[in-house]
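Shown below: run_25.cif, with mmCIF, C-alpha atoms.
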```
data_final
loop_
_atom_site.group_PDB
_atom_site.id
_atom_site.type_symbol
_atom_site.label_atom_id
_atom_site.label_comp_id
_atom_site.auth_asym_id
_atom_site.auth_seq_id
_atom_site.Cartn_x
_atom_site.Cartn_y
_atom_site.Cartn_z
ATOM 1 C CA LEU P 924 -148.837 -170.904 115.051
ATOM 2 C CA HIS P 925 -151.207 -172.281 112.441
ATOM 3 C CA SER P 926 -151.898 -168.830 110.959
ATOM 4 C CA THR P 927 -148.167 -168.091 110.902
ATOM 5 C CA SER P 928 -147.553 -171.352 109.044
ATOM 6 C CA ARG P 929 -150.264 -170.477 106.545
ATOM 7 C CA ARG P 930 -148.774 -167.015 105.920
ATOM 8 C CA GLN P 931 -145.350 -168.552 105.384
ATOM 9 C CA ARG P 932 -146.834 -171.019 102.909
ATOM 10 C CA GLN P 933 -148.601 -168.267 100.967
ATOM 11 C CA MET P 934 -145.401 -166.191 100.890
ATOM 12 C CA CYS P 935 -143.488 -169.194 99.579
ATOM 13 C CA ILE P 936 -146.044 -169.715 96.810
ATOM 14 C CA ARG P 937 -145.862 -166.047 95.808
ATOM 15 C CA ASP P 938 -142.053 -166.143 95.801
ATOM 16 C CA ARG P 939 -142.027 -169.332 93.738
ATOM 17 C CA THR P 940 -144.512 -167.910 91.252
ATOM 18 C CA ALA P 941 -142.513 -164.684 91.000
ATOM 19 C CA ARG P 942 -139.429 -166.605 89.915
ATOM 20 C CA GLN P 943 -141.334 -168.227 87.047
ATOM 21 C CA GLN P 944 -143.687 -166.299 84.788
ATOM 22 C CA THR P 945 -147.194 -167.632 84.412
ATOM 23 C CA LEU P 946 -148.069 -168.954 80.970
ATOM 24 C CA MET P 947 -150.396 -166.006 80.445
ATOM 25 C CA GLU P 948 -147.375 -163.697 80.868
ATOM 26 C CA GLN P 949 -145.164 -165.570 78.397
ATOM 27 C CA PRO P 950 -144.465 -163.492 75.238
ATOM 28 C CA GLU P 951 -145.315 -166.378 72.887
ATOM 29 C CA ILE P 952 -148.696 -166.989 74.523
ATOM 30 C CA ALA P 953 -149.557 -163.272 74.659
ATOM 31 C CA GLU P 954 -148.666 -162.865 70.963
ATOM 32 C CA LEU P 955 -150.657 -165.978 70.002
ATOM 33 C CA PHE P 956 -153.753 -164.603 71.758
ATOM 34 C CA GLN P 957 -153.351 -161.278 69.921
ATOM 35 C CA VAL P 958 -153.033 -163.041 66.560
ATOM 36 C CA LEU P 959 -156.047 -165.304 67.221
ATOM 37 C CA GLU P 960 -158.189 -162.373 68.312
ATOM 38 C CA GLY P 961 -157.003 -160.146 65.482
ATOM 39 C CA ASN P 962 -157.952 -162.767 62.887
ATOM 40 C CA GLY P 963 -161.367 -163.545 64.333
ATOM 41 C CA LEU P 964 -160.424 -167.025 65.594
ATOM 42 C CA LYS P 965 -162.432 -166.613 68.795
ATOM 43 C CA LYS P 966 -163.108 -170.327 69.302
ATOM 44 C CA GLU P 967 -159.437 -171.204 69.035
ATOM 45 C CA GLN P 968 -158.615 -168.325 71.375
ATOM 46 C CA ARG P 969 -161.140 -169.569 73.942
ATOM 47 C CA LYS P 970 -159.727 -173.075 73.690
ATOM 48 C CA MET P 971 -156.184 -171.828 74.338
ATOM 49 C CA GLU P 972 -157.293 -169.583 77.203
ATOM 50 C CA GLU P 973 -158.985 -172.540 78.886
ATOM 51 C CA LEU P 974 -155.783 -174.590 78.738
ATOM 52 C CA VAL P 975 -153.470 -171.744 79.799
ATOM 53 C CA ASN P 976 -155.639 -170.762 82.779
ATOM 54 C CA TYR P 977 -155.849 -174.414 83.792
ATOM 55 C CA LEU P 978 -152.081 -174.949 83.724
ATOM 56 C CA ASP P 979 -151.396 -171.739 85.656
ATOM 57 C CA SER P 980 -153.943 -172.805 88.271
ATOM 58 C CA MET P 981 -152.431 -176.292 88.523
ATOM 59 C CA GLU P 982 -148.965 -174.878 89.092
ATOM 60 C CA GLY P 983 -150.262 -172.776 91.985
ATOM 61 C CA HIS P 984 -151.936 -175.791 93.588
ATOM 62 C CA PHE P 985 -148.860 -177.922 92.991
ATOM 63 C CA TYR P 986 -146.524 -175.504 94.786
ATOM 64 C CA GLN P 987 -148.963 -175.352 97.689
ATOM 65 C CA VAL P 988 -148.954 -179.155 97.928
ATOM 66 C CA LEU P 989 -145.143 -179.168 97.985
ATOM 67 C CA GLN P 990 -145.131 -176.583 100.752
ATOM 68 C CA GLU P 991 -147.583 -178.642 102.822
ATOM 69 C CA LEU P 992 -145.364 -181.701 102.395
ATOM 70 C CA GLY P 993 -142.419 -179.559 103.489
ATOM 71 C CA GLU P 994 -144.263 -178.798 106.727
ATOM 72 C CA VAL P 995 -144.874 -182.533 107.182
ATOM 73 C CA LYS P 996 -141.152 -183.133 106.781
ATOM 74 C CA GLU P 997 -140.452 -180.651 109.579
ATOM 75 C CA GLN P 998 -142.704 -182.675 111.900
ATOM 76 C CA LEU P 999 -140.482 -185.717 111.384
ATOM 77 C CA ASN P 1000 -137.699 -184.036 113.368
ATOM 78 C CA ARG P 1001 -139.953 -184.007 116.413
ATOM 79 C CA ILE P 1002 -140.093 -187.833 116.527
ATOM 80 C CA GLN P 1003 -137.620 -188.900 119.189
ATOM 81 C CA ASP P 1004 -137.425 -192.635 118.470
ATOM 82 C CA GLY P 1005 -134.864 -193.193 115.702
ATOM 83 C CA GLY P 1006 -136.558 -196.299 114.273
ATOM 84 C CA VAL P 1007 -139.980 -194.673 114.147
ATOM 85 C CA ARG P 1008 -138.504 -191.531 112.616
ATOM 86 C CA ALA P 1009 -136.774 -193.577 109.906
ATOM 87 C CA SER P 1010 -140.021 -195.411 109.042
ATOM 88 C CA ALA P 1011 -142.034 -192.194 108.957
ATOM 89 C CA THR P 1012 -139.366 -190.517 106.826
ATOM 90 C CA ARG P 1013 -139.590 -193.298 104.215
ATOM 91 C CA ILE P 1014 -143.374 -192.906 104.070
ATOM 92 C CA VAL P 1015 -143.221 -189.125 103.615
ATOM 93 C CA LYS P 1016 -140.446 -189.453 101.021
ATOM 94 C CA GLN P 1017 -142.573 -191.810 98.929
ATOM 95 C CA ALA P 1018 -145.526 -189.418 99.181
ATOM 96 C CA ARG P 1019 -143.347 -186.546 97.979
ATOM 97 C CA GLU P 1020 -142.041 -188.575 95.033
ATOM 98 C CA ASN P 1021 -145.624 -189.305 93.943
ATOM 99 C CA VAL P 1022 -146.374 -185.584 93.933
ATOM 100 C CA GLN P 1023 -143.152 -184.674 92.124
ATOM 101 C CA ALA P 1024 -144.080 -187.087 89.319
ATOM 102 C CA VAL P 1025 -147.256 -185.054 88.747
ATOM 103 C CA GLY P 1026 -145.238 -181.826 88.818
ATOM 104 C CA ALA P 1027 -142.964 -183.195 86.094
ATOM 105 C CA GLN P 1028 -146.004 -183.953 83.919
ATOM 106 C CA ILE P 1029 -147.391 -180.431 84.376
ATOM 107 C CA GLN P 1030 -144.008 -178.924 83.467
ATOM 108 C CA THR P 1031 -143.791 -181.128 80.348
ATOM 109 C CA VAL P 1032 -147.225 -180.021 79.125
ATOM 110 C CA ARG P 1033 -146.306 -176.400 79.875
ATOM 111 C CA LYS P 1034 -143.071 -176.675 77.898
ATOM 112 C CA ASN P 1035 -144.807 -178.391 74.972
ATOM 113 C CA LEU P 1036 -147.514 -175.721 74.903
ATOM 114 C CA LEU P 1037 -144.933 -172.939 74.670
ATOM 115 C CA GLN P 1038 -143.216 -174.757 71.814
ATOM 116 C CA SER P 1039 -146.559 -175.315 70.060
ATOM 117 C CA ALA P 1040 -147.384 -171.607 70.422
ATOM 118 C CA LYS P 1041 -144.065 -170.685 68.774
ATOM 119 C CA SER P 1042 -144.727 -173.153 65.944
ATOM 120 C CA ALA P 1043 -148.267 -171.852 65.419
ATOM 121 C CA LEU P 1044 -147.011 -168.270 65.153
ATOM 122 C CA HIS P 1045 -144.328 -169.333 62.675
ATOM 123 C CA VAL P 1046 -146.880 -171.196 60.556
ATOM 124 C CA PHE P 1047 -149.179 -168.163 60.590
ATOM 125 C CA LYS P 1048 -146.412 -165.876 59.342
ATOM 126 C CA GLU P 1049 -145.458 -168.361 56.610
ATOM 127 C CA LYS P 1050 -148.868 -169.669 55.459
ATOM 128 C CA GLY P 1051 -151.624 -167.507 56.889
ATOM 129 C CA VAL P 1052 -154.788 -167.817 58.978
ATOM 130 C CA GLY P 1053 -155.911 -171.214 57.689
ATOM 131 C CA ALA P 1054 -152.635 -172.825 58.669
ATOM 132 C CA LEU P 1055 -152.805 -171.137 62.086
ATOM 133 C CA LYS P 1056 -156.273 -172.553 62.694
ATOM 134 C CA SER P 1057 -155.084 -176.028 61.709
ATOM 135 C CA ALA P 1058 -152.019 -175.725 63.944
ATOM 136 C CA VAL P 1059 -154.131 -174.863 67.002
ATOM 137 C CA SER P 1060 -156.593 -177.666 66.231
ATOM 138 C CA ALA P 1061 -153.706 -180.138 65.872
ATOM 139 C CA MET P 1062 -152.440 -179.525 69.416
ATOM 140 C CA LYS P 1063 -152.969 -182.752 71.388
ATOM 141 C CA ILE P 1064 -154.561 -180.983 74.339
ATOM 142 C CA SER P 1065 -156.955 -183.736 75.394
ATOM 143 C CA SER P 1066 -154.268 -186.433 75.495
ATOM 144 C CA ALA P 1067 -151.973 -184.139 77.497
ATOM 145 C CA LEU P 1068 -154.726 -183.493 80.051
ATOM 146 C CA ALA P 1069 -155.467 -187.220 80.170
ATOM 147 C CA ARG P 1070 -151.853 -187.902 81.181
ATOM 148 C CA ILE P 1071 -151.999 -185.270 83.924
ATOM 149 C CA GLN P 1072 -155.315 -186.653 85.138
ATOM 150 C CA GLY P 1073 -153.882 -190.180 85.258
ATOM 151 C CA GLY P 1074 -150.835 -188.934 87.161
ATOM 152 C CA LEU P 1075 -153.041 -187.130 89.681
ATOM 153 C CA HIS P 1076 -155.162 -190.234 90.166
ATOM 154 C CA ARG P 1077 -152.080 -192.325 90.883
ATOM 155 C CA ALA P 1078 -150.787 -189.639 93.254
ATOM 156 C CA VAL P 1079 -154.087 -189.644 95.191
ATOM 157 C CA ASP P 1080 -153.990 -193.442 95.527
ATOM 158 C CA GLY P 1081 -150.339 -193.290 96.565
ATOM 159 C CA MET P 1082 -151.017 -190.573 99.138
ATOM 160 C CA ASN P 1083 -153.844 -192.595 100.677
ATOM 161 C CA ARG P 1084 -151.591 -195.666 100.846
ATOM 162 C CA GLN P 1085 -148.878 -193.688 102.617
ATOM 163 C CA ALA P 1086 -151.480 -192.319 105.055
ATOM 164 C CA ASP P 1087 -152.579 -195.894 105.794
ATOM 165 C CA LYS P 1088 -148.962 -196.880 106.407
ATOM 166 C CA MET P 1089 -148.644 -194.005 108.853
ATOM 167 C CA ALA P 1090 -151.782 -195.243 110.650
ATOM 168 C CA ASP P 1091 -150.259 -198.750 110.885
ATOM 169 C CA LEU P 1092 -147.048 -197.242 112.260
ATOM 170 C CA ASN P 1093 -149.015 -195.310 114.873
ATOM 171 C CA GLN P 1094 -150.793 -198.499 115.908
ATOM 172 C CA GLU P 1095 -147.483 -200.343 116.281
ATOM 173 C CA ILE P 1096 -146.202 -197.525 118.490
ATOM 174 C CA HIS P 1097 -149.354 -197.712 120.610
ATOM 175 C CA VAL P 1098 -149.146 -201.496 121.067
ATOM 176 C CA THR P 1099 -145.392 -201.424 121.763
ATOM 177 C CA ALA P 1100 -145.869 -198.690 124.357
ATOM 178 C CA GLY P 1101 -148.641 -200.733 125.992
ATOM 179 C CA HIS P 1102 -146.423 -203.817 126.280
ATOM 180 C CA ALA P 1103 -143.576 -201.713 127.688
ATOM 181 C CA LYS P 1104 -145.889 -200.370 130.392
ATOM 182 C CA ASN P 1105 -146.985 -203.906 131.265
ATOM 183 C CA ILE P 1106 -143.362 -204.986 131.716
ATOM 184 C CA GLY P 1107 -142.944 -202.162 134.202
ATOM 185 C CA ARG P 1108 -146.124 -203.170 136.026
ATOM 186 C CA VAL P 1109 -144.946 -206.800 136.263
ATOM 187 C CA LEU P 1110 -141.559 -205.731 137.622
ATOM 188 C CA LEU P 1111 -143.412 -203.761 140.294
ATOM 189 C CA GLY P 1112 -145.505 -206.797 141.160
ATOM 190 C CA LYS P 1113 -148.681 -205.429 139.550
ATOM 191 C CA GLY P 1114 -150.922 -207.216 137.072
ATOM 192 C CA ALA P 1115 -150.554 -206.565 133.359
ATOM 193 C CA LYS P 1116 -153.294 -204.664 131.585
ATOM 194 C CA GLU P 1117 -154.801 -205.730 128.301
ATOM 195 C CA VAL P 1118 -153.255 -203.781 125.425
ATOM 196 C CA SER P 1119 -155.832 -202.439 122.979
ATOM 197 C CA ALA P 1120 -155.046 -202.995 119.302
ATOM 198 C CA GLU P 1121 -156.711 -199.721 118.426
ATOM 199 C CA SER P 1122 -154.433 -196.777 117.781
ATOM 200 C CA THR P 1123 -154.961 -193.475 119.512
ATOM 201 C CA ASP P 1124 -155.911 -190.260 117.772
ATOM 202 C CA LYS P 1125 -152.949 -188.385 119.217
ATOM 203 C CA GLY P 1126 -149.258 -188.053 118.491
ATOM 204 C CA ILE P 1127 -146.990 -186.815 115.723
ATOM 205 C CA THR P 1128 -147.549 -189.823 113.463
ATOM 206 C CA ILE P 1129 -151.309 -189.298 113.488
ATOM 207 C CA GLY P 1130 -150.748 -185.603 112.776
ATOM 208 C CA ILE P 1131 -148.619 -186.574 109.773
ATOM 209 C CA ARG P 1132 -151.292 -189.019 108.623
ATOM 210 C CA LYS P 1133 -153.924 -186.263 108.724
ATOM 211 C CA ALA P 1134 -151.624 -183.973 106.748
ATOM 212 C CA LEU P 1135 -151.086 -186.657 104.079
ATOM 213 C CA LEU P 1136 -154.845 -187.180 103.797
ATOM 214 C CA ALA P 1137 -155.306 -183.414 103.420
ATOM 215 C CA VAL P 1138 -152.731 -183.374 100.610
ATOM 216 C CA GLY P 1139 -154.532 -186.332 99.023
ATOM 217 C CA GLY P 1140 -157.764 -184.328 99.166
ATOM 218 C CA ARG P 1141 -156.130 -181.384 97.428
ATOM 219 C CA LEU P 1142 -154.730 -183.678 94.718
ATOM 220 C CA SER P 1143 -158.185 -185.201 94.283
ATOM 221 C CA GLY P 1144 -159.594 -181.708 93.749
ATOM 222 C CA MET P 1145 -156.931 -181.081 91.105
ATOM 223 C CA GLU P 1146 -157.896 -184.344 89.406
ATOM 224 C CA GLN P 1147 -161.565 -183.323 89.324
ATOM 225 C CA THR P 1148 -160.659 -179.915 87.895
ATOM 226 C CA THR P 1149 -158.623 -181.628 85.168
ATOM 227 C CA GLU P 1150 -161.575 -183.877 84.332
ATOM 228 C CA ARG P 1151 -163.932 -180.877 84.007
ATOM 229 C CA VAL P 1152 -161.521 -178.913 81.790
ATOM 230 C CA ARG P 1153 -160.813 -181.956 79.645
ATOM 231 C CA SER P 1154 -164.537 -182.659 79.269
ATOM 232 C CA ARG P 1155 -165.278 -179.073 78.190
ATOM 233 C CA LEU P 1156 -162.468 -179.081 75.624
ATOM 234 C CA GLU P 1157 -163.513 -182.467 74.228
ATOM 235 C CA LYS P 1158 -167.122 -181.269 73.843
ATOM 236 C CA PHE P 1159 -165.820 -178.160 72.120
ATOM 237 C CA ALA P 1160 -163.708 -180.278 69.740
ATOM 238 C CA GLY P 1161 -166.684 -182.598 69.154
ATOM 239 C CA LYS P 1162 -168.909 -179.718 68.071
ATOM 240 C CA GLU P 1163 -166.224 -178.542 65.686
ATOM 241 C CA ALA P 1164 -165.888 -182.019 64.198
ATOM 242 C CA GLN P 1165 -169.657 -182.313 63.679
ATOM 243 C CA LYS P 1166 -169.836 -179.173 61.525
ATOM 244 C CA PRO P 1167 -169.681 -180.304 57.871
ATOM 245 C CA SER P 1168 -167.454 -178.283 55.581
ATOM 246 C CA VAL P 1169 -168.379 -177.488 51.970
ATOM 247 C CA LYS P 1170 -165.218 -179.147 50.639
ATOM 248 C CA GLY P 1171 -165.864 -182.189 52.794
ATOM 249 C CA GLU P 1172 -169.417 -182.558 51.532
ATOM 250 C CA LEU P 1173 -168.358 -182.238 47.864
ATOM 251 C CA LYS P 1174 -165.643 -184.849 48.368
ATOM 252 C CA LYS P 1175 -168.162 -187.152 50.021
ATOM 253 C CA LEU P 1176 -170.584 -186.807 47.098
ATOM 254 C CA LYS P 1177 -167.814 -187.595 44.605
ATOM 255 C CA GLU P 1178 -166.827 -190.711 46.552
ATOM 256 C CA GLU P 1179 -170.441 -191.866 46.713
ATOM 257 C CA LYS P 1180 -170.817 -191.330 42.963
ATOM 258 C CA LYS P 1181 -167.754 -193.497 42.283
ATOM 259 C CA THR P 1182 -169.069 -196.352 44.401
ATOM 260 C CA MET P 1183 -172.620 -196.282 42.954
ATOM 261 C CA PRO P 1184 -173.350 -199.413 40.821
ATOM 262 C CA GLN P 1185 -173.672 -198.756 37.054
ATOM 263 C CA LEU P 1186 -177.129 -199.590 35.648
ATOM 264 C CA PRO P 1187 -177.167 -201.912 32.637
ATOM 265 C CA ILE P 1188 -177.760 -200.241 29.267
ATOM 266 C CA PRO P 1189 -181.229 -201.088 27.928
ATOM 267 C CA VAL P 1190 -181.422 -203.470 24.895
ATOM 268 C CA LYS P 1191 -182.993 -200.816 22.671
ATOM 269 C CA GLU P 1192 -180.151 -198.418 23.469
ATOM 270 C CA GLN P 1193 -177.612 -201.117 22.612
ATOM 271 C CA ALA P 1194 -179.380 -201.734 19.280
ATOM 272 C CA ARG P 1195 -179.238 -198.051 18.401
ATOM 273 C CA GLU P 1196 -175.508 -198.046 19.033
#
```

Output the file's structure as structure tokens, nothing else.
Amino acid sequence: LHSTSRRQRQMCIRDRTARQQTLMEQPEIAELFQVLEGNGLKKEQRKMEELVNYLDSMEGHFYQVLQELGEVKEQLNRIQDGGVRASATRIVKQARENVQAVGAQIQTVRKNLLQSAKSALHVFKEKGVGALKSAVSAMKISSALARIQGGLHRAVDGMNRQADKMADLNQEIHVTAGHAKNIGRVLLGKGAKEVSAESTDKGITIGIRKALLAVGGRLSGMEQTTERVRSRLEKFAGKEAQKPSVKGELKKLKEEKKTMPQLPIPVKEQARE
């Protein structure tokens, strides 16, 4: 059953991906890579490839997370008690909303990147290689990744909170069931047993809790990947910023010359004048 579920999930991911081209397959991105490579802008090309590969990877992970949450939703139908099912449904719904917020951020960055690629190509055709290089450098990649990373962090925290709520719900079920059994024992003239406050490690609610924690773990992995990619791109940008340009150095020397204090003219020189 588990292997069948996994195959269905993988098929769903492939079907979902097939309906939407990866960024690497988008005409604008493919053309931008050709232009960057053709004009010797290898660093800019590497920077773009890093971002594109990252976003394509994140989309794959995101669809897998959604599919796993879909399987959790199916488990809700197996809960017989209406009140418990309603509580569990609210918990899973909140978890799904946290994940969908991250998906919206990824889609926004993806859309903005495509638009930026179009703009960069237009600038290149109008103004040349220098303008293209500036356009790629001006893309706010780090801030976009920071927003995704923040969204993933919030989603991980939210997922863990929902898992804790599911654990509390399971404990309530356990205690309630224990008290119900004691009522039956009393009616039969038997002594009541002490009801343990500890929840059991069985049941649908615990299974859902484990699934939510697994999703939280996957989201945490996505957050760590985002941090690594962001760190590499920021280091790359830092190295670029540290390289002094000839124009920049000349401008700096001129500014320093303007601010240098003027030495007083010697008395003898004044007399000659």

Care to translate the PyMOL selection byres ((chain P and resi 1043-1060) around 8) into actual residues of this file, as a PyMOL selection string? chain P and resi 955+962+964+967+1039-1042+1061-1062

Resulting file, chosen residues, C-alpha atoms, as a JSON list (two decimals), in the coordinates of the input:
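Generated file (part-v6.json):
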```json
[["chain", "number", "residue", "atom", "x", "y", "z"],
["P", 955, "LEU", "CA", -150.66, -165.98, 70.00],
["P", 962, "ASN", "CA", -157.95, -162.77, 62.89],
["P", 964, "LEU", "CA", -160.42, -167.02, 65.59],
["P", 967, "GLU", "CA", -159.44, -171.20, 69.04],
["P", 1039, "SER", "CA", -146.56, -175.32, 70.06],
["P", 1040, "ALA", "CA", -147.38, -171.61, 70.42],
["P", 1041, "LYS", "CA", -144.06, -170.68, 68.77],
["P", 1042, "SER", "CA", -144.73, -173.15, 65.94],
["P", 1061, "ALA", "CA", -153.71, -180.14, 65.87],
["P", 1062, "MET", "CA", -152.44, -179.52, 69.42]]
```

Within 9 Å of Arg1153 (chain P), counting all atoms listed in the file, which residues qualify if same-chain residues fewer than 4 places away don't, as a list in words?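 The neighbour list is Leu974, Ile1064, Ser1065, Ser1066, Leu1068, Ala1069, Thr1148, Thr1149, Glu1157 and Lys1158 of chain P.
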
Residues of region 955-1027 of chain P at most 10 Å from region 1132-1146 of chain P: nearest atom pair and distance in Å, only C-alpha atoms, as JSON lines:
```
{"residue": "P:Tyr977", "atom": "CA", "partner": "P:Met1145", "partner_atom": "CA", "distance": 10.0}
{"residue": "P:Ser980", "atom": "CA", "partner": "P:Met1145", "partner_atom": "CA", "distance": 9.2}
{"residue": "P:Met981", "atom": "CA", "partner": "P:Met1145", "partner_atom": "CA", "distance": 7.1}
{"residue": "P:His984", "atom": "CA", "partner": "P:Met1145", "partner_atom": "CA", "distance": 7.7}
{"residue": "P:Phe985", "atom": "CA", "partner": "P:Leu1142", "partner_atom": "CA", "distance": 8.4}
{"residue": "P:Gln987", "atom": "CA", "partner": "P:Val1138", "partner_atom": "CA", "distance": 9.3}
{"residue": "P:Val988", "atom": "CA", "partner": "P:Val1138", "partner_atom": "CA", "distance": 6.3}
{"residue": "P:Leu989", "atom": "CA", "partner": "P:Val1138", "partner_atom": "CA", "distance": 9.1}
{"residue": "P:Glu991", "atom": "CA", "partner": "P:Val1138", "partner_atom": "CA", "distance": 7.3}
{"residue": "P:Leu992", "atom": "CA", "partner": "P:Leu1135", "partner_atom": "CA", "distance": 7.8}
{"residue": "P:Glu994", "atom": "CA", "partner": "P:Ala1134", "partner_atom": "CA", "distance": 9.0}
{"residue": "P:Val995", "atom": "CA", "partner": "P:Ala1134", "partner_atom": "CA", "distance": 6.9}
{"residue": "P:Ala1011", "atom": "CA", "partner": "P:Arg1132", "partner_atom": "CA", "distance": 9.8}
{"residue": "P:Ile1014", "atom": "CA", "partner": "P:Leu1135", "partner_atom": "CA", "distance": 9.9}
{"residue": "P:Val1015", "atom": "CA", "partner": "P:Leu1135", "partner_atom": "CA", "distance": 8.3}
{"residue": "P:Ala1018", "atom": "CA", "partner": "P:Leu1135", "partner_atom": "CA", "distance": 7.9}
{"residue": "P:Arg1019", "atom": "CA", "partner": "P:Leu1135", "partner_atom": "CA", "distance": 9.9}
{"residue": "P:Val1022", "atom": "CA", "partner": "P:Leu1142", "partner_atom": "CA", "distance": 8.6}
{"residue": "P:Val1025", "atom": "CA", "partner": "P:Leu1142", "partner_atom": "CA", "distance": 9.7}
```

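The spacing separating CA of Gln957 (chain P) from CA of Leu978 (chain P) amounts to 19.5 Å.
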
For a quick check of understanding, using only C-alpha atoms, which of P:Gln1147, P:Gln1017, P:Gln998, P:Gln990 has the smallest distance to Ile1131 (chain P)? P:Gln998

So what do you get for CA of Ala1090 (chain P) versus CA of His1076 (chain P), distance-wise?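 Between these atoms lies a distance of 21.4 Å.
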
Select, from P:Arg1070, P:Gly1081, P:Lys1088, P:Thr1128, the residue with the minimum atom-to-atom distance to Glu1150 (chain P), counting all atoms listed in the file.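 Of all the options, P:Arg1070 lies closest to Glu1150 (chain P).
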
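Neighbouring residues of Ile1002 (chain P) at 12 Å or closer, counting only C-alpha atoms and skipping chain neighbours under 6 positions away, are Val995, Lys996, Arg1008, Ala1009, Ser1010, Ala1011, Thr1012, Asn1093, Ile1096, Gly1126, Ile1127, Thr1128, Ile1129, Gly1130 and Ile1131 of chain P.
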
So what does the PyMOL selection byres ((chain P and resi 975) around 10) actually pick up in this one, as number ranges by chain? P: 945-947, 952, 969-974, 976-981, 1033, 1036

To one decimal in Å, tell me the separation between CA of Gln1023 (chain P) and CA of Gln1085 (chain P).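 These two atoms are separated by 15.0 Å.
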
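Using only C-alpha atoms, the shortest contact distance between Asn1021 (chain P) and any of P:Asp1004, P:Glu948, P:Asp1080, P:Glu997 is found at P:Asp1080.
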
When you write region 950-997 of chain P out from the block above, keep C-alpha atoms and present the result as a compact mmCIF listing (two decimals), in the first residue's frame, please.
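Result went into selection-v9.txt, see below:
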```
# COMPACT_ATOMS: atom_id res chain seq x y z
CA PRO P 950 12.05 30.53 -24.12
CA GLU P 951 13.06 33.76 -22.36
CA ILE P 952 15.40 31.97 -19.96
CA ALA P 953 16.92 29.80 -22.71
CA GLU P 954 17.54 32.88 -24.89
CA LEU P 955 19.04 34.82 -21.96
CA PHE P 956 21.50 31.98 -21.28
CA GLN P 957 22.51 31.94 -24.96
CA VAL P 958 23.06 35.70 -24.98
CA LEU P 959 25.08 35.64 -21.73
CA GLU P 960 27.25 32.78 -22.97
CA GLY P 961 27.67 34.29 -26.42
CA ASN P 962 28.92 37.57 -24.95
CA GLY P 963 31.33 36.01 -22.47
CA LEU P 964 29.28 36.91 -19.38
CA LYS P 965 30.03 33.59 -17.69
CA LYS P 966 29.67 34.89 -14.13
CA GLU P 967 26.25 36.35 -14.82
CA GLN P 968 25.26 33.12 -16.57
CA ARG P 969 26.36 31.05 -13.56
CA LYS P 970 24.43 33.33 -11.24
CA MET P 971 21.24 32.93 -13.29
CA GLU P 972 21.68 29.17 -13.60
CA GLU P 973 21.98 28.88 -9.82
CA LEU P 974 18.69 30.73 -9.32
CA VAL P 975 16.81 28.91 -12.10
CA ASN P 976 17.91 25.45 -10.92
CA TYR P 977 16.96 26.40 -7.36
CA LEU P 978 13.45 27.54 -8.30
CA ASP P 979 12.81 24.46 -10.44
CA SER P 980 13.95 22.25 -7.56
CA MET P 981 11.74 24.12 -5.08
CA GLU P 982 8.69 23.69 -7.28
CA GLY P 983 9.26 19.93 -7.39
CA HIS P 984 9.56 19.74 -3.60
CA PHE P 985 6.54 21.98 -3.16
CA TYR P 986 4.28 19.77 -5.29
CA GLN P 987 5.47 16.74 -3.35
CA VAL P 988 4.57 18.45 -0.07
CA LEU P 989 1.09 19.24 -1.41
CA GLN P 990 0.62 15.62 -2.44
CA GLU P 991 1.66 14.39 1.01
CA LEU P 992 -0.85 16.77 2.60
CA GLY P 993 -3.46 15.42 0.20
CA GLU P 994 -2.80 11.93 1.55
CA VAL P 995 -3.21 13.29 5.09
CA LYS P 996 -6.57 14.74 4.09
CA GLU P 997 -7.69 11.30 2.91
```
